[in-house]
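Novice: This is input.cif, which holds mmCIF, C-alpha atoms:
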data_structure
#
loop_
_atom_site.label_atom_id
_atom_site.label_comp_id
_atom_site.auth_asym_id
_atom_site.auth_seq_id
_atom_site.Cartn_x
_atom_site.Cartn_y
_atom_site.Cartn_z
CA MET A 1 32.82 97.80 110.92
CA GLN A 2 33.96 94.84 108.89
CA GLY A 3 36.73 95.46 106.40
CA MET A 4 39.03 97.42 108.68
CA VAL A 5 42.69 96.47 108.24
CA TYR A 6 46.04 98.01 109.17
CA ILE A 7 48.46 98.33 106.22
CA ASN A 8 51.84 100.03 106.61
CA SER A 9 50.73 101.24 110.08
CA LEU A 10 47.81 103.10 108.49
CA LYS A 11 44.15 102.38 108.98
CA PHE A 12 42.18 101.74 105.78
CA ASP A 13 38.53 100.98 105.23
CA TYR A 14 39.03 99.38 101.83
CA MET A 15 35.35 98.76 101.21
CA GLN A 16 34.01 102.22 101.92
CA PHE A 17 35.21 105.33 100.10
CA ASN A 18 34.14 108.93 100.63
CA PHE A 19 33.10 109.33 96.98
CA TYR A 20 30.93 107.50 94.49
CA LEU A 21 33.11 105.17 92.50
CA SER A 22 31.09 105.74 89.32
CA LYS A 23 32.48 109.30 89.24
CA CYS A 24 36.08 108.18 88.87
CA MET A 25 35.57 105.11 86.65
CA PRO A 26 32.88 103.80 84.28
CA VAL A 27 30.48 101.24 85.78
CA ASN A 28 28.25 99.03 83.60
CA GLU A 29 24.70 97.87 84.31
CA ASN A 30 26.05 94.93 86.34
CA GLY A 31 28.02 97.24 88.63
CA ILE A 32 31.33 96.15 87.10
CA THR A 33 34.10 98.39 85.82
CA ILE A 34 36.49 97.17 83.12
CA LEU A 35 39.75 99.12 83.03
CA ASN A 36 42.59 98.88 80.53
CA GLY A 37 46.21 99.62 81.27
CA ASN A 38 46.05 102.62 78.96
CA GLN A 39 43.15 104.09 80.93
CA ASN A 40 43.38 107.75 81.90
CA ARG A 41 44.42 108.04 85.53
CA ASN A 42 42.92 110.22 88.23
CA PRO A 43 43.69 110.48 91.97
CA GLN A 44 40.47 108.81 93.09
CA LEU A 45 40.94 105.86 90.76
CA ASP A 46 44.51 105.49 91.98
CA ASP A 47 43.18 105.33 95.54
CA VAL A 48 40.73 102.55 94.67
CA ILE A 49 43.39 100.45 92.94
CA THR A 50 45.94 101.05 95.69
CA ILE A 51 43.66 100.15 98.59
CA MET A 52 42.13 97.09 96.92
CA GLY A 53 45.59 95.89 95.79
CA GLU A 54 46.97 96.18 99.32
CA ALA A 55 43.96 94.36 100.76
CA SER A 56 44.43 91.54 98.26
CA ALA A 57 48.12 91.18 99.12
CA LEU A 58 47.30 91.10 102.83
CA ALA A 59 44.56 88.47 102.40
CA GLN A 60 46.91 86.22 100.40
CA ASN A 61 49.93 86.76 102.67
CA LEU A 62 52.00 88.07 99.79
CA ARG A 63 55.35 89.75 100.33
CA GLN A 64 54.75 92.35 97.65
CA LEU A 65 51.82 93.98 95.93
CA ILE A 66 50.45 92.40 92.77
CA THR A 67 48.06 95.22 91.94
CA SER A 68 48.94 98.90 92.19
CA PRO A 69 48.64 101.92 89.90
CA THR A 70 52.30 101.68 88.90
CA ARG A 71 51.99 97.96 88.14
CA PHE A 72 48.80 98.37 86.16
CA PHE A 73 48.86 101.54 84.11
CA GLN A 74 50.88 101.57 80.89
CA THR A 75 50.54 97.77 80.56
CA ASP A 76 48.36 95.46 78.46
CA GLN A 77 46.54 94.21 81.56
CA LYS A 78 42.84 94.52 82.40
CA LEU A 79 41.23 95.14 85.76
CA TYR A 80 37.66 94.15 86.59
CA ILE A 81 36.20 95.94 89.62
CA LYS A 82 32.90 95.19 91.33
CA SER A 83 31.43 98.21 93.11
CA GLU A 84 28.21 99.82 94.24
CA GLY A 85 27.84 103.43 95.30
CA LYS A 86 30.79 104.24 97.56
CA GLN A 87 31.72 100.61 98.21
CA CYS A 88 34.16 98.40 96.35
CA PHE A 89 33.58 94.64 96.73
CA GLY A 90 36.32 92.98 94.70
CA ILE A 91 38.86 93.07 91.90
CA LEU A 92 40.06 90.69 89.20
CA LYS A 93 43.21 91.43 87.18
CA ILE A 94 44.23 89.57 84.03
CA GLY A 95 47.09 89.82 81.55
CA ARG A 96 48.82 87.76 78.91
CA LYS A 97 52.14 86.10 79.79
CA ASN A 98 54.76 84.14 77.91
CA LEU A 99 55.13 80.81 79.73
CA PHE A 100 57.08 77.58 79.32
CA HIS A 101 55.11 74.49 80.30
CA ARG A 102 56.60 71.06 81.00
CA ASP A 103 54.43 67.94 80.60
CA LEU A 104 54.77 64.57 82.34
CA ASN A 105 57.21 63.34 79.69
CA GLY A 106 59.52 66.30 80.26
CA ALA A 107 58.67 67.96 76.96
CA ILE A 108 58.55 71.76 77.14
CA ILE A 109 56.28 73.94 75.03
CA GLU A 110 55.98 77.71 74.91
CA ILE A 111 52.50 79.23 75.28
CA GLN A 112 51.03 82.71 75.76
CA PRO A 113 47.83 82.26 77.74
CA LEU A 114 45.67 84.91 79.32
CA CYS A 115 46.45 84.74 83.04
CA VAL A 116 44.51 85.50 86.19
CA LEU A 117 47.06 87.66 88.04
CA ASP A 118 45.00 88.85 91.01
CA PHE A 119 41.57 87.91 92.32
CA TYR A 120 40.18 89.26 95.56
CA VAL A 121 36.74 89.71 97.11
CA HIS A 122 36.25 91.55 100.37
CA GLU A 123 35.72 89.21 103.31
CA SER A 124 32.37 90.75 104.32
CA VAL A 125 30.77 89.90 100.99
CA GLN A 126 32.35 86.52 100.29
CA ARG A 127 30.01 83.60 99.60
CA ARG A 128 27.46 85.95 98.07
CA GLY A 129 28.33 85.33 94.45
CA ILE A 130 30.47 88.45 94.00
CA GLY A 131 33.50 86.46 92.89
CA LYS A 132 31.42 84.34 90.50
CA GLU A 133 29.89 87.49 89.05
CA LEU A 134 33.30 89.06 88.48
CA PHE A 135 34.74 85.89 86.99
CA GLU A 136 31.79 85.29 84.67
CA GLU A 137 31.91 88.87 83.43
CA MET A 138 35.58 88.41 82.60
CA LEU A 139 34.90 85.16 80.73
CA ARG A 140 32.15 86.81 78.69
CA GLN A 141 34.27 89.82 77.81
CA GLU A 142 37.32 87.76 76.89
CA MET A 143 35.25 85.00 75.25
CA LEU A 144 37.18 82.26 77.00
CA ARG A 145 36.50 79.18 79.09
CA PRO A 146 38.09 78.77 82.56
CA GLU A 147 40.35 75.93 81.39
CA LYS A 148 41.87 78.21 78.76
CA LEU A 149 43.32 80.50 81.43
CA ALA A 150 46.52 80.27 83.43
CA TYR A 151 46.51 81.16 87.14
CA ASP A 152 49.41 82.92 88.82
CA ARG A 153 50.12 81.52 92.29
CA PRO A 154 46.44 80.80 93.02
CA SER A 155 45.40 80.74 96.65
CA PRO A 156 43.63 77.69 98.12
CA LYS A 157 40.39 79.70 97.97
CA LEU A 158 40.82 80.31 94.25
CA LEU A 159 41.60 76.66 93.59
CA GLY A 160 38.48 75.68 95.51
CA PHE A 161 36.46 78.26 93.58
CA ILE A 162 37.60 76.89 90.21
CA LYS A 163 36.93 73.31 91.26
CA LYS A 164 33.49 74.10 92.68
CA TYR A 165 32.08 76.07 89.77
CA TYR A 166 34.03 74.70 86.78
CA ASN A 167 35.08 71.19 87.88
CA LEU A 168 38.75 71.79 87.16
CA SER A 169 41.38 70.18 89.36
CA SER A 170 43.92 68.29 87.20
CA TYR A 171 47.20 70.09 86.49
CA ILE A 172 50.96 69.53 86.50
CA PRO A 173 52.89 71.71 88.99
CA GLN A 174 55.38 74.05 87.32
CA ASN A 175 58.50 75.80 88.53
CA ASN A 176 57.02 79.18 87.59
CA ASN A 177 54.08 78.59 89.99
CA TYR A 178 51.52 79.13 87.23
CA ILE A 179 48.74 76.59 87.20
CA ILE A 180 47.49 75.47 83.80
CA TYR A 181 44.77 72.86 83.90
CA SER A 182 45.19 69.78 81.74
CA GLN A 183 42.07 70.68 79.74
CA TYR A 184 43.94 73.70 78.40
CA PHE A 185 45.78 71.39 75.99
CA ASP A 186 42.81 69.26 74.91
CA PHE A 187 41.97 71.43 71.91
CA MET A 188 45.64 71.59 70.89
CA TYR A 189 46.01 67.80 70.95
CA THR A 190 42.65 67.38 69.24
CA ASN A 191 43.82 69.63 66.42
CA VAL A 192 47.03 67.64 66.01
CA ALA A 193 45.09 64.37 65.94
CA GLN A 194 42.62 65.76 63.42
CA GLN A 195 45.44 66.96 61.19
CA GLN A 196 47.15 63.57 61.33
CA SER A 197 43.88 61.79 60.58
CA ALA A 198 43.15 64.12 57.67
CA GLN A 199 46.66 63.58 56.28
CA GLN A 200 46.31 59.80 56.50
CA SER A 201 42.90 59.96 54.83
CA TYR A 202 44.31 62.11 52.05
CA GLN A 203 47.19 59.71 51.50
CA GLN A 204 44.77 56.77 51.39
CA GLN A 205 42.67 58.59 48.81
CA GLN A 206 45.71 59.47 46.73
CA THR A 207 47.27 55.98 46.79
CA PRO A 208 44.68 54.30 44.47
CA GLN A 209 44.97 57.21 42.06
CA LEU A 210 48.75 56.90 41.98
CA VAL A 211 48.47 53.14 41.46
CA ASN A 212 46.02 53.62 38.60
CA GLN A 213 48.26 56.22 37.01
CA TYR A 214 51.20 53.85 37.28
CA ARG A 215 49.17 51.05 35.68
CA ILE A 216 48.06 53.33 32.85
CA GLN A 217 51.64 54.37 32.29
CA GLN A 218 52.67 50.74 32.23
CA GLN A 219 49.96 50.00 29.66
CA GLN A 220 50.73 53.03 27.54
CA THR A 221 54.49 52.58 27.53
CA PRO A 222 54.59 49.41 25.31
CA LEU A 223 52.16 51.03 22.87
CA LYS A 224 54.36 54.07 22.58
CA MET A 225 57.42 51.90 22.11
CA GLU A 226 55.72 49.92 19.34
CA GLN A 227 54.70 53.13 17.56
CA LEU A 228 58.23 54.42 17.86
CA ASP A 229 59.63 51.19 16.42
CA GLN A 230 57.25 51.38 13.47
CA MET A 231 58.23 54.98 12.77
CA MET A 232 61.91 54.08 12.94
CA GLN A 233 61.42 51.15 10.57
CA GLN A 234 59.48 53.31 8.10
CA MET A 235 62.12 56.02 8.23
CA SER A 236 64.83 53.43 7.76
CA LEU A 237 63.02 51.97 4.71
CA GLU A 238 62.55 55.38 3.13
CA SER A 239 66.17 56.21 3.79
CA LYS A 240 67.25 52.96 2.17
CA GLN A 241 65.11 53.65 -0.92
CA GLN A 242 66.45 57.18 -1.26
CA TYR A 243 70.00 55.93 -0.86
CA SER A 244 69.42 53.20 -3.47
CA GLN A 245 68.11 55.74 -5.98
CA TYR A 246 71.09 57.95 -5.27
CA GLN A 247 73.50 55.08 -5.85
CA LYS A 248 71.81 54.19 -9.18
CA SER A 249 71.97 57.75 -10.44
CA LYS A 250 75.57 58.00 -9.29
CA ALA A 251 76.52 54.74 -11.07
CA GLN A 252 75.42 56.05 -14.53
CA PRO A 253 77.94 58.27 -16.43
CA PRO A 254 76.81 61.79 -17.29
CA TRP A 255 76.73 61.13 -21.06
CA VAL A 256 74.08 58.46 -20.60
CA THR A 257 71.70 61.06 -19.34
CA ASP A 258 72.58 63.43 -22.18
CA GLN A 259 72.16 60.65 -24.79
CA GLN A 260 68.76 59.83 -23.48
CA GLN A 261 67.76 63.47 -23.68
CA TYR A 262 68.98 63.69 -27.32
CA GLN A 263 67.10 60.54 -28.25
CA ASN A 264 63.90 61.95 -26.78
CA MET A 265 64.41 65.18 -28.68
CA TYR A 266 65.06 63.22 -32.00
CA GLN A 267 61.91 61.20 -31.59
CA THR A 268 59.87 64.30 -30.92
CA THR A 269 61.30 66.16 -33.93
CA THR A 270 60.81 63.17 -36.28
CA GLY A 271 57.23 62.83 -35.15
CA LEU A 272 56.46 66.45 -35.91
CA MET A 273 58.03 66.27 -39.40
CA SER A 274 56.04 63.16 -40.29
CA ALA A 275 52.83 64.82 -39.21
CA GLN A 276 53.52 67.83 -41.47
CA ILE A 277 54.31 65.64 -44.48
CA GLN A 278 51.07 63.70 -44.06
CA ARG A 279 49.06 66.92 -43.99
CA ARG A 280 50.58 68.02 -47.31
#
Can the structure in the file be given as structure tokens, please?
Specialist:
Amino acid sequence: MQGMVYINSLKFDYMQFNFYLSKCMPVNENGITILNGNQNRNPQLDDVITIMGEASALAQNLRQLITSPTRFFQTDQKLYIKSEGKQCFGILKIGRKNLFHRDLNGAIIEIQPLCVLDFYVHESVQRRGIGKELFEEMLRQEMLRPEKLAYDRPSPKLLGFIKKYYNLSSYIPQNNNYIIYSQYFDFMYTNVAQQQSAQQSYQQQQTPQLVNQYRIQQQQTPLKMEQLDQMMQQMSLESKQQYSQYQKSKAQPPWVTDQQQYQNMYQTTTGLMSAQIQRR
């Protein structure tokens, strides 16, 4: 039977299990299971993850396992499993990583993309759309496009898969062996360009207003200065008049004022007496 492989000197049939996989893990209408790292464990589910993880490592000639119960549970990773009845056809594991990416100019930026960490389809069902079905389900669930993912040490088969179905091939090799396609940064650079354009447009809109304000200030300033000069002149004239009156009053001796008051009183008294005499 296809799918037989020797791992650790033990014989595993990693496609066929002796139980229905839907009994140990939830399966949706498309035959795909979506597991979280905080999923409740059970022995049968551990067996599925262990056997499929070992088969994936063997197919990719990896020195150590990428997917195992201990490396999956209690993490923030997700595992997509394609199964039917007692057979398991493939797995796809994703998780978010903190990465440093260097561009062609040597500039380094820090990003946290969602990464494809493991992707394996059993050899007997390859080229039947199983891998595409798994990958598309993951894109729908995560609401992402393929260029917005990072790929951890992708095999030549995975690179060919991405190029065939999503026309992605341009990337800059990194020391961390993660592949991030150039289109990943398109939206980032577009945003920067849009922000710069918006800022320039805003400055261009503000410049005429600032010029007009400056012109208005220039026009208003002489008027304000003229008004201020007039007020100062008027205040100076009033001050001079008040000072002149003060000097005049100060120049007269006190008895002059008293004599004037007596004279006014004498004239008033004389007038009253004359009026009384005439009446008599």
Novice: Given only C-alpha atoms as the basis, pick out the residue of A:Asn28, A:Ser22, A:Gln39, A:Asn175 nearest to A:Phe100.
Specialist: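 Closest to A:Phe100, using only C-alpha atoms: A:Asn175.
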Novice: What does the distance between atom CA of A:Met25 and atom CA of A:Val48 come to in Å, to one decimal place?
Specialist: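 Value for the atom CA of A:Met25-atom CA of A:Val48 distance: 9.9 Å.
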Novice: Running the PyMOL selection byres ((chain A and resi 35) around 7) on this model by hand, what would come out? Give it as a list of chain:residue names.
Specialist: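 So the PyMOL selection byres ((chain A and resi 35) around 7), applied here, picks out A:Thr33, A:Ile34, A:Asn36, A:Gly37, A:Gln39, A:Lys78, A:Leu79, A:Tyr80.
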Novice: Selected by the PyMOL selection byres ((chain A and resi 151) around 12) in the shown coordinates: which residues, as an MDAnalysis selection string?
Specialist: chainID A and resid 92:97 99 113:119 146:150 152:156 158:159 162 171 173:174 176:181 184
Novice: Stretch 88-95 of chain A, all listed atoms, 3 Å padding on each side: what axis-aligned box centre and edge lengths in Å to one decimal come out, as JSON?
Specialist:
{"center_x": 40.3, "center_y": 94.0, "center_z": 89.1, "size_x": 19.5, "size_y": 14.8, "size_z": 21.2}
Novice: Between A:Arg41, A:His122, A:Lys82, A:Lys163, which residue has the minimum interatomic distance to A:Phe135, considering all atoms listed in the file?
Specialist: A:Lys82
Novice: Mind giving me the straight-line distance from atom CA of A:Ile66 to atom CA of A:Gly53 in Å, one decimal?
Specialist: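 Value for the atom CA of A:Ile66-atom CA of A:Gly53 distance: 6.7 Å.
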Novice: For a test of reading the model, state the distance in Å between atom CA of A:Ala55 and atom CA of A:Tyr120, rounded to one decimal.
Specialist: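 Separating atom CA of A:Ala55 from atom CA of A:Tyr120 is a distance of 8.2 Å.
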Novice: Have a look at A:Tyr20, A:Thr70, A:Ile51, A:Gly90 and name the one nearest to A:Gln126; count only C-alpha atoms.
Specialist: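 Under the stated criterion, the closest residue is A:Gly90.
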Novice: Using all atoms listed in the file, which of A:Leu104, A:Cys24, A:Met138, A:Leu58 sits nearest A:Ile172?
Specialist: A:Leu104
Novice: I'd like to know which of A:Ile91, A:Met143, A:Leu62, A:Val121 is closest to A:Thr50, using all atoms listed in the file.
Specialist: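 Closest to A:Thr50, using all atoms listed in the file: A:Ile91.
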